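For reference, upload_0.txt (compact mmCIF, N, CA and C atoms):
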```txt
# COMPACT_ATOMS: atom_id res chain seq x y z
N SER A 1 -71.74 66.07 -264.99
CA SER A 1 -71.64 66.28 -266.43
C SER A 1 -72.96 65.92 -267.09
N GLY A 2 -73.64 66.90 -267.63
CA GLY A 2 -74.90 66.68 -268.34
C GLY A 2 -76.06 66.48 -267.39
N ALA A 3 -77.24 66.32 -267.96
CA ALA A 3 -78.46 66.10 -267.16
C ALA A 3 -78.40 64.71 -266.54
N LYS A 4 -78.54 64.66 -265.24
CA LYS A 4 -78.46 63.39 -264.52
C LYS A 4 -79.58 62.45 -264.94
N GLY A 5 -79.24 61.21 -265.28
CA GLY A 5 -80.24 60.21 -265.58
C GLY A 5 -80.89 60.33 -266.94
N ARG A 6 -80.62 61.36 -267.70
CA ARG A 6 -81.29 61.56 -268.98
C ARG A 6 -80.73 60.63 -270.05
N ASN A 7 -79.56 60.03 -269.78
CA ASN A 7 -78.99 59.09 -270.74
C ASN A 7 -79.71 57.75 -270.71
N LYS A 8 -80.37 57.45 -269.59
CA LYS A 8 -81.07 56.19 -269.44
C LYS A 8 -82.48 56.32 -270.00
N PRO A 9 -82.93 55.35 -270.79
CA PRO A 9 -84.31 55.41 -271.28
C PRO A 9 -85.28 55.12 -270.14
N MET A 10 -86.49 55.68 -270.26
CA MET A 10 -87.53 55.42 -269.27
C MET A 10 -87.92 53.95 -269.35
N SER A 11 -88.14 53.32 -268.21
CA SER A 11 -88.55 51.92 -268.23
C SER A 11 -89.89 51.80 -268.94
N SER A 12 -90.10 50.68 -269.60
CA SER A 12 -91.35 50.51 -270.34
C SER A 12 -92.55 50.50 -269.40
N THR A 13 -92.41 49.93 -268.20
CA THR A 13 -93.55 49.92 -267.27
C THR A 13 -93.88 51.33 -266.79
N ALA A 14 -92.85 52.13 -266.49
CA ALA A 14 -93.09 53.51 -266.06
C ALA A 14 -93.72 54.32 -267.19
N GLU A 15 -93.26 54.09 -268.42
CA GLU A 15 -93.81 54.84 -269.55
C GLU A 15 -95.26 54.44 -269.82
N VAL A 16 -95.58 53.15 -269.69
CA VAL A 16 -96.96 52.70 -269.87
C VAL A 16 -97.85 53.30 -268.78
N GLN A 17 -97.40 53.27 -267.52
CA GLN A 17 -98.22 53.85 -266.46
C GLN A 17 -98.48 55.33 -266.71
N LYS A 18 -97.45 56.07 -267.12
CA LYS A 18 -97.62 57.50 -267.41
C LYS A 18 -98.62 57.70 -268.55
N LEU A 19 -98.55 56.86 -269.57
CA LEU A 19 -99.48 56.96 -270.70
C LEU A 19 -100.91 56.70 -270.23
N LEU A 20 -101.11 55.65 -269.43
CA LEU A 20 -102.45 55.34 -268.92
C LEU A 20 -102.96 56.47 -268.04
N TYR A 21 -102.09 56.99 -267.18
CA TYR A 21 -102.45 58.11 -266.30
C TYR A 21 -102.89 59.33 -267.13
N ASP A 22 -102.04 59.72 -268.08
CA ASP A 22 -102.35 60.91 -268.91
C ASP A 22 -103.64 60.70 -269.71
N THR A 23 -103.85 59.49 -270.21
CA THR A 23 -105.04 59.19 -271.01
C THR A 23 -106.31 59.31 -270.15
N LEU A 24 -106.27 58.77 -268.95
CA LEU A 24 -107.44 58.84 -268.07
C LEU A 24 -107.67 60.27 -267.58
N LYS A 25 -106.59 60.96 -267.16
CA LYS A 25 -106.71 62.35 -266.68
C LYS A 25 -107.23 63.29 -267.77
N GLY A 26 -106.94 62.97 -269.03
CA GLY A 26 -107.35 63.83 -270.13
C GLY A 26 -108.76 63.58 -270.64
N ASP A 27 -109.47 62.62 -270.05
CA ASP A 27 -110.82 62.29 -270.50
C ASP A 27 -111.86 63.03 -269.65
N GLY A 28 -112.62 63.91 -270.28
CA GLY A 28 -113.59 64.73 -269.56
C GLY A 28 -114.69 63.94 -268.87
N ALA A 29 -115.19 62.88 -269.52
CA ALA A 29 -116.27 62.08 -268.93
C ALA A 29 -115.78 61.34 -267.68
N ILE A 30 -114.55 60.83 -267.73
CA ILE A 30 -113.98 60.14 -266.58
C ILE A 30 -113.75 61.12 -265.43
N MET A 31 -113.17 62.27 -265.75
CA MET A 31 -112.83 63.23 -264.70
C MET A 31 -114.07 63.98 -264.19
N ALA A 32 -115.19 63.90 -264.89
CA ALA A 32 -116.43 64.47 -264.37
C ALA A 32 -116.92 63.66 -263.17
N ILE A 33 -116.56 62.39 -263.12
CA ILE A 33 -116.98 61.51 -262.03
C ILE A 33 -115.87 61.36 -260.99
N ALA A 34 -114.65 61.11 -261.46
CA ALA A 34 -113.53 60.82 -260.56
C ALA A 34 -112.89 62.12 -260.06
N ASN A 35 -112.54 62.15 -258.78
CA ASN A 35 -111.84 63.30 -258.23
C ASN A 35 -110.40 63.36 -258.72
N GLY A 36 -109.80 62.19 -259.01
CA GLY A 36 -108.42 62.17 -259.46
C GLY A 36 -108.00 60.79 -259.88
N VAL A 37 -106.81 60.72 -260.45
CA VAL A 37 -106.15 59.46 -260.81
C VAL A 37 -104.83 59.48 -260.05
N TYR A 38 -104.60 58.44 -259.23
CA TYR A 38 -103.46 58.48 -258.31
C TYR A 38 -102.57 57.25 -258.45
N ASP A 39 -101.26 57.50 -258.37
CA ASP A 39 -100.29 56.42 -258.19
C ASP A 39 -100.14 56.20 -256.69
N ARG A 40 -100.01 57.28 -255.97
CA ARG A 40 -99.99 57.24 -254.51
C ARG A 40 -101.24 57.98 -254.03
N VAL A 41 -102.12 57.26 -253.37
CA VAL A 41 -103.41 57.82 -252.97
C VAL A 41 -103.21 58.79 -251.81
N PRO A 42 -103.72 60.03 -251.95
CA PRO A 42 -103.57 61.02 -250.87
C PRO A 42 -104.54 60.74 -249.71
N ASP A 43 -104.42 61.53 -248.66
CA ASP A 43 -105.26 61.35 -247.47
C ASP A 43 -106.76 61.49 -247.78
N ASN A 44 -107.13 62.43 -248.65
CA ASN A 44 -108.54 62.63 -249.00
C ASN A 44 -108.72 62.46 -250.51
N PRO A 45 -108.69 61.21 -251.01
CA PRO A 45 -108.72 61.00 -252.46
C PRO A 45 -110.06 61.35 -253.12
N PHE A 46 -111.14 61.35 -252.36
CA PHE A 46 -112.45 61.64 -252.93
C PHE A 46 -112.67 63.13 -253.15
N GLY A 47 -112.00 63.97 -252.35
CA GLY A 47 -112.22 65.42 -252.47
C GLY A 47 -113.69 65.73 -252.29
N GLN A 48 -114.27 66.50 -253.21
CA GLN A 48 -115.69 66.86 -253.17
C GLN A 48 -116.55 65.87 -253.94
N LYS A 49 -115.93 64.83 -254.51
CA LYS A 49 -116.66 63.85 -255.33
C LYS A 49 -116.80 62.54 -254.57
N THR A 50 -117.43 61.56 -255.20
CA THR A 50 -117.66 60.27 -254.53
C THR A 50 -116.85 59.14 -255.16
N ALA A 51 -115.93 59.47 -256.09
CA ALA A 51 -115.14 58.42 -256.75
C ALA A 51 -113.73 58.90 -257.06
N TYR A 52 -112.82 57.94 -257.16
CA TYR A 52 -111.47 58.22 -257.64
C TYR A 52 -110.90 56.95 -258.27
N ILE A 53 -109.76 57.11 -258.94
CA ILE A 53 -109.07 56.01 -259.63
C ILE A 53 -107.65 55.93 -259.08
N SER A 54 -107.15 54.71 -258.91
CA SER A 54 -105.76 54.54 -258.48
C SER A 54 -105.14 53.37 -259.25
N PHE A 55 -103.81 53.34 -259.25
CA PHE A 55 -103.08 52.25 -259.88
C PHE A 55 -102.80 51.16 -258.87
N GLY A 56 -103.08 49.93 -259.25
CA GLY A 56 -102.73 48.76 -258.46
C GLY A 56 -101.42 48.21 -258.99
N SER A 57 -101.33 46.89 -258.99
CA SER A 57 -100.08 46.26 -259.41
C SER A 57 -99.89 46.38 -260.92
N ILE A 58 -98.63 46.34 -261.31
CA ILE A 58 -98.26 46.28 -262.73
C ILE A 58 -97.31 45.09 -262.87
N ASP A 59 -97.70 44.14 -263.71
CA ASP A 59 -96.92 42.92 -263.91
C ASP A 59 -96.38 42.89 -265.33
N THR A 60 -95.22 42.25 -265.49
CA THR A 60 -94.63 42.12 -266.83
C THR A 60 -94.31 40.67 -267.12
N ALA A 61 -94.36 40.34 -268.40
CA ALA A 61 -93.95 39.04 -268.89
C ALA A 61 -93.17 39.27 -270.17
N GLU A 62 -92.07 38.58 -270.31
CA GLU A 62 -91.27 38.72 -271.53
C GLU A 62 -92.06 38.14 -272.70
N ASP A 63 -91.98 38.80 -273.85
CA ASP A 63 -92.69 38.35 -275.04
C ASP A 63 -91.82 38.64 -276.26
N ASP A 64 -90.60 38.09 -276.24
CA ASP A 64 -89.66 38.33 -277.32
C ASP A 64 -90.05 37.55 -278.58
N ALA A 65 -89.67 38.10 -279.71
CA ALA A 65 -89.81 37.42 -281.00
C ALA A 65 -88.48 37.60 -281.73
N ASP A 66 -88.35 37.05 -282.93
CA ASP A 66 -87.11 37.19 -283.69
C ASP A 66 -86.70 38.66 -283.79
N CYS A 67 -85.53 38.97 -283.28
CA CYS A 67 -84.93 40.31 -283.36
C CYS A 67 -85.75 41.39 -282.66
N ILE A 68 -86.72 41.02 -281.82
CA ILE A 68 -87.55 42.01 -281.14
C ILE A 68 -87.55 41.71 -279.64
N THR A 69 -87.28 42.74 -278.84
CA THR A 69 -87.41 42.61 -277.40
C THR A 69 -88.81 43.10 -277.05
N GLY A 70 -89.65 42.16 -276.66
CA GLY A 70 -91.03 42.51 -276.37
C GLY A 70 -91.37 42.24 -274.92
N VAL A 71 -92.30 43.01 -274.40
CA VAL A 71 -92.77 42.80 -273.04
C VAL A 71 -94.28 43.01 -273.01
N GLU A 72 -94.95 42.13 -272.28
CA GLU A 72 -96.38 42.24 -272.06
C GLU A 72 -96.56 42.85 -270.67
N ILE A 73 -97.17 44.02 -270.61
CA ILE A 73 -97.35 44.74 -269.35
C ILE A 73 -98.83 44.74 -269.01
N THR A 74 -99.16 44.21 -267.83
CA THR A 74 -100.55 44.20 -267.39
C THR A 74 -100.67 45.11 -266.17
N ALA A 75 -101.49 46.14 -266.32
CA ALA A 75 -101.69 47.12 -265.26
C ALA A 75 -103.08 46.96 -264.67
N GLN A 76 -103.16 47.01 -263.36
CA GLN A 76 -104.46 47.01 -262.69
C GLN A 76 -104.82 48.44 -262.35
N ILE A 77 -105.98 48.87 -262.82
CA ILE A 77 -106.49 50.19 -262.50
C ILE A 77 -107.70 49.98 -261.59
N ASP A 78 -107.64 50.60 -260.41
CA ASP A 78 -108.72 50.44 -259.43
C ASP A 78 -109.62 51.67 -259.45
N VAL A 79 -110.92 51.40 -259.40
CA VAL A 79 -111.94 52.45 -259.35
C VAL A 79 -112.63 52.33 -257.99
N TRP A 80 -112.77 53.44 -257.30
CA TRP A 80 -113.36 53.44 -255.96
C TRP A 80 -114.54 54.40 -255.94
N SER A 81 -115.65 53.96 -255.36
CA SER A 81 -116.82 54.83 -255.24
C SER A 81 -117.48 54.63 -253.89
N LYS A 82 -117.86 55.73 -253.26
CA LYS A 82 -118.58 55.64 -252.00
C LYS A 82 -120.04 56.06 -252.17
N LYS A 83 -120.47 56.21 -253.44
CA LYS A 83 -121.88 56.51 -253.70
C LYS A 83 -122.68 55.24 -253.43
N PRO A 84 -123.83 55.31 -252.77
CA PRO A 84 -124.61 54.10 -252.47
C PRO A 84 -124.92 53.29 -253.73
N GLY A 85 -124.85 51.97 -253.60
CA GLY A 85 -125.05 51.08 -254.75
C GLY A 85 -123.77 50.99 -255.56
N LYS A 86 -123.84 50.27 -256.67
CA LYS A 86 -122.64 50.07 -257.50
C LYS A 86 -122.72 50.76 -258.86
N VAL A 87 -123.78 51.54 -259.11
CA VAL A 87 -123.98 52.14 -260.43
C VAL A 87 -122.85 53.09 -260.80
N GLU A 88 -122.46 53.99 -259.88
CA GLU A 88 -121.38 54.92 -260.21
C GLU A 88 -120.08 54.18 -260.47
N CYS A 89 -119.77 53.18 -259.65
CA CYS A 89 -118.54 52.41 -259.82
C CYS A 89 -118.56 51.68 -261.17
N ARG A 90 -119.70 51.07 -261.51
CA ARG A 90 -119.80 50.38 -262.80
C ARG A 90 -119.69 51.35 -263.97
N THR A 91 -120.29 52.52 -263.82
CA THR A 91 -120.22 53.53 -264.88
C THR A 91 -118.78 53.96 -265.12
N LEU A 92 -118.06 54.26 -264.04
CA LEU A 92 -116.67 54.72 -264.16
C LEU A 92 -115.77 53.60 -264.67
N THR A 93 -115.98 52.38 -264.18
CA THR A 93 -115.20 51.22 -264.65
C THR A 93 -115.41 51.04 -266.16
N ASP A 94 -116.66 51.19 -266.62
CA ASP A 94 -116.95 51.03 -268.05
C ASP A 94 -116.33 52.15 -268.87
N LEU A 95 -116.35 53.37 -268.36
CA LEU A 95 -115.70 54.48 -269.08
C LEU A 95 -114.20 54.24 -269.23
N VAL A 96 -113.56 53.75 -268.17
CA VAL A 96 -112.13 53.44 -268.23
C VAL A 96 -111.89 52.33 -269.26
N ARG A 97 -112.71 51.28 -269.22
CA ARG A 97 -112.57 50.18 -270.19
C ARG A 97 -112.68 50.69 -271.62
N ARG A 98 -113.72 51.47 -271.89
CA ARG A 98 -113.94 51.96 -273.25
C ARG A 98 -112.83 52.90 -273.70
N LYS A 99 -112.26 53.67 -272.77
CA LYS A 99 -111.18 54.61 -273.13
C LYS A 99 -109.90 53.87 -273.49
N LEU A 100 -109.63 52.72 -272.83
CA LEU A 100 -108.34 52.07 -272.99
C LEU A 100 -108.35 50.85 -273.92
N HIS A 101 -109.50 50.18 -274.11
CA HIS A 101 -109.52 48.96 -274.92
C HIS A 101 -109.30 49.29 -276.39
N ARG A 102 -108.26 48.68 -276.96
CA ARG A 102 -107.89 48.88 -278.37
C ARG A 102 -107.67 50.36 -278.72
N ALA A 103 -107.22 51.12 -277.74
CA ALA A 103 -107.00 52.55 -277.94
C ALA A 103 -105.79 52.79 -278.83
N SER A 104 -105.85 53.82 -279.64
CA SER A 104 -104.72 54.22 -280.48
C SER A 104 -103.84 55.17 -279.67
N LEU A 105 -102.94 54.59 -278.90
CA LEU A 105 -102.06 55.38 -278.04
C LEU A 105 -100.62 55.17 -278.48
N GLU A 106 -99.75 56.10 -278.09
CA GLU A 106 -98.34 55.99 -278.48
C GLU A 106 -97.43 56.28 -277.30
N LEU A 107 -96.34 55.54 -277.25
CA LEU A 107 -95.28 55.80 -276.29
C LEU A 107 -94.19 56.60 -276.99
N THR A 108 -93.33 57.26 -276.20
CA THR A 108 -92.26 58.07 -276.76
C THR A 108 -90.98 57.27 -276.97
N GLU A 109 -90.58 56.49 -275.95
CA GLU A 109 -89.29 55.80 -276.01
C GLU A 109 -89.41 54.33 -276.40
N ASN A 110 -90.56 53.74 -276.18
CA ASN A 110 -90.82 52.35 -276.54
C ASN A 110 -91.95 52.35 -277.57
N ALA A 111 -92.19 51.22 -278.21
CA ALA A 111 -93.25 51.13 -279.22
C ALA A 111 -94.42 50.35 -278.65
N LEU A 112 -95.58 50.98 -278.62
CA LEU A 112 -96.79 50.32 -278.14
C LEU A 112 -97.44 49.58 -279.30
N VAL A 113 -97.48 48.26 -279.19
CA VAL A 113 -98.06 47.42 -280.25
C VAL A 113 -99.58 47.40 -280.14
N GLY A 114 -100.09 47.33 -278.90
CA GLY A 114 -101.52 47.31 -278.71
C GLY A 114 -101.89 47.36 -277.24
N THR A 115 -103.14 47.74 -276.99
CA THR A 115 -103.67 47.86 -275.64
C THR A 115 -105.02 47.16 -275.60
N TRP A 116 -105.17 46.25 -274.65
CA TRP A 116 -106.43 45.51 -274.52
C TRP A 116 -106.86 45.47 -273.07
N VAL A 117 -108.14 45.71 -272.83
CA VAL A 117 -108.70 45.48 -271.50
C VAL A 117 -109.10 44.02 -271.45
N VAL A 118 -108.49 43.28 -270.53
CA VAL A 118 -108.69 41.83 -270.48
C VAL A 118 -109.66 41.41 -269.38
N LEU A 119 -109.98 42.34 -268.45
CA LEU A 119 -110.88 42.00 -267.35
C LEU A 119 -111.44 43.26 -266.73
N THR A 120 -112.72 43.24 -266.39
CA THR A 120 -113.30 44.27 -265.53
C THR A 120 -114.14 43.57 -264.47
N ARG A 121 -114.11 44.10 -263.27
CA ARG A 121 -114.91 43.56 -262.16
C ARG A 121 -115.36 44.72 -261.29
N VAL A 122 -116.55 44.58 -260.72
CA VAL A 122 -117.03 45.51 -259.70
C VAL A 122 -117.56 44.68 -258.54
N PHE A 123 -117.13 45.01 -257.33
CA PHE A 123 -117.54 44.25 -256.15
C PHE A 123 -117.55 45.16 -254.94
N SER A 124 -118.11 44.67 -253.83
CA SER A 124 -118.13 45.44 -252.59
C SER A 124 -116.78 45.31 -251.92
N ASP A 125 -116.27 46.43 -251.44
CA ASP A 125 -115.05 46.44 -250.66
C ASP A 125 -115.36 45.86 -249.28
N PRO A 126 -114.35 45.37 -248.54
CA PRO A 126 -114.62 44.93 -247.16
C PRO A 126 -115.32 46.03 -246.34
N ASP A 127 -114.99 47.29 -246.64
CA ASP A 127 -115.72 48.41 -246.07
C ASP A 127 -117.07 48.45 -246.79
N PRO A 128 -118.19 48.20 -246.11
CA PRO A 128 -119.48 48.05 -246.80
C PRO A 128 -119.98 49.32 -247.48
N LEU A 129 -119.33 50.45 -247.29
CA LEU A 129 -119.77 51.70 -247.89
C LEU A 129 -119.08 51.99 -249.21
N THR A 130 -118.10 51.19 -249.60
CA THR A 130 -117.30 51.48 -250.79
C THR A 130 -117.44 50.37 -251.82
N SER A 131 -117.66 50.78 -253.09
CA SER A 131 -117.62 49.84 -254.20
C SER A 131 -116.24 49.93 -254.84
N HIS A 132 -115.75 48.80 -255.32
CA HIS A 132 -114.40 48.70 -255.88
C HIS A 132 -114.51 48.10 -257.28
N GLY A 133 -114.00 48.81 -258.25
CA GLY A 133 -113.94 48.30 -259.61
C GLY A 133 -112.50 48.03 -259.99
N VAL A 134 -112.29 47.00 -260.80
CA VAL A 134 -110.95 46.65 -261.27
C VAL A 134 -110.99 46.59 -262.79
N VAL A 135 -110.03 47.25 -263.42
CA VAL A 135 -109.86 47.19 -264.87
C VAL A 135 -108.43 46.71 -265.11
N GLN A 136 -108.27 45.54 -265.74
CA GLN A 136 -106.93 45.04 -266.07
C GLN A 136 -106.67 45.34 -267.54
N VAL A 137 -105.57 46.05 -267.77
CA VAL A 137 -105.18 46.48 -269.11
C VAL A 137 -103.85 45.81 -269.46
N THR A 138 -103.83 45.13 -270.60
CA THR A 138 -102.58 44.54 -271.08
C THR A 138 -102.07 45.34 -272.27
N CYS A 139 -100.81 45.74 -272.17
CA CYS A 139 -100.15 46.50 -273.24
C CYS A 139 -98.99 45.68 -273.77
N MET A 140 -98.93 45.49 -275.06
CA MET A 140 -97.80 44.85 -275.71
C MET A 140 -96.84 45.93 -276.15
N VAL A 141 -95.58 45.82 -275.71
CA VAL A 141 -94.60 46.86 -275.95
C VAL A 141 -93.34 46.24 -276.56
N GLU A 142 -92.81 46.93 -277.56
CA GLU A 142 -91.49 46.58 -278.11
C GLU A 142 -90.50 47.58 -277.54
N GLU A 143 -89.44 47.06 -276.93
CA GLU A 143 -88.41 47.92 -276.36
C GLU A 143 -87.25 48.05 -277.33
N PRO A 144 -86.61 49.22 -277.36
CA PRO A 144 -85.44 49.36 -278.22
C PRO A 144 -84.31 48.48 -277.71
N ARG A 145 -83.48 47.99 -278.63
CA ARG A 145 -82.36 47.14 -278.23
C ARG A 145 -81.17 47.96 -277.81
```

When written as structure tokens, how does the structure in this file appear?
Amino acid sequence: SGAKGRNKPMSSTAEVQKLLYDTLKGDGAIMAIANGVYDRVPDNPFGQKTAYISFGSIDTAEDDADCITGVEITAQIDVWSKKPGKVECRTLTDLVRRKLHRASLELTENALVGTWVVLTRVFSDPDPLTSHGVVQVTCMVEEPR
């Protein structure tokens, strides 16, 4: 009877990840460098390019206030580059930071209060040929009751 599962609202973490994914995929400067943005990394994530982006862990913390169900969602976005040196990785990490920090974004089912990049790092991966960038994004979300 009816569309299966459509009665249930999308989880706030899933909706935030989709928003971050769509925002990064829709940015021409980011996608000029990155081959793709992945939740599940495929066998050949670099394709014809030397960089890609993937989602790491997503953590939540309750942040309720009077009459408001709030959640703080922190998403780790990983940037990978196999170009020699760390310049490409730093460039892509910075583009992601600038795209998401204090961005005016909106969710459909939940209310996005704000988005802040709280940390960026670039370091060598254990594989000495790959640079790894990390962008931690915290989103404050109000969920419907």

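Distances here use only N, CA and C atoms; by that measure, the residue among A:Thr91, A:Ser57, A:Thr69, A:Gln136 closest to Val118 of chain A is A:Gln136.
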
Query - Nearest to Pro144 of chain A, chosen from A:Asn110, A:Asn35, A:Gln76, A:Ser104, with all atoms listed in the file counted in the distances - result: A:Asn110

Query raised in the report: Which of these residues is nearest to Tyr52 of chain A, using only N, CA and C atoms: A:Val87, A:Leu95, A:Ala75, A:Val37?
Result: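 Ranked by minimum distance to Tyr52 of chain A, first place goes to A:Val37.
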
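Here the question is which of A:Glu109, A:Asp78, A:Asp22, A:Glu88 gets nearest to Val135 of chain A using only C-alpha atoms, and that residue is A:Asp78.
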
Query raised in the report: With only N, CA and C atoms as the basis for distance, which of A:Thr115, A:Leu107, A:Val79, A:Arg102 is at the shortest distance from His132 of chain A?
Result: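 Closest to His132 of chain A, using only N, CA and C atoms: A:Val79.
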
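Using only C-alpha atoms for every distance, the candidate list A:Leu92, A:Cys139, A:Arg145, A:Asp127 yields A:Cys139 as the residue closest to Thr60 of chain A.
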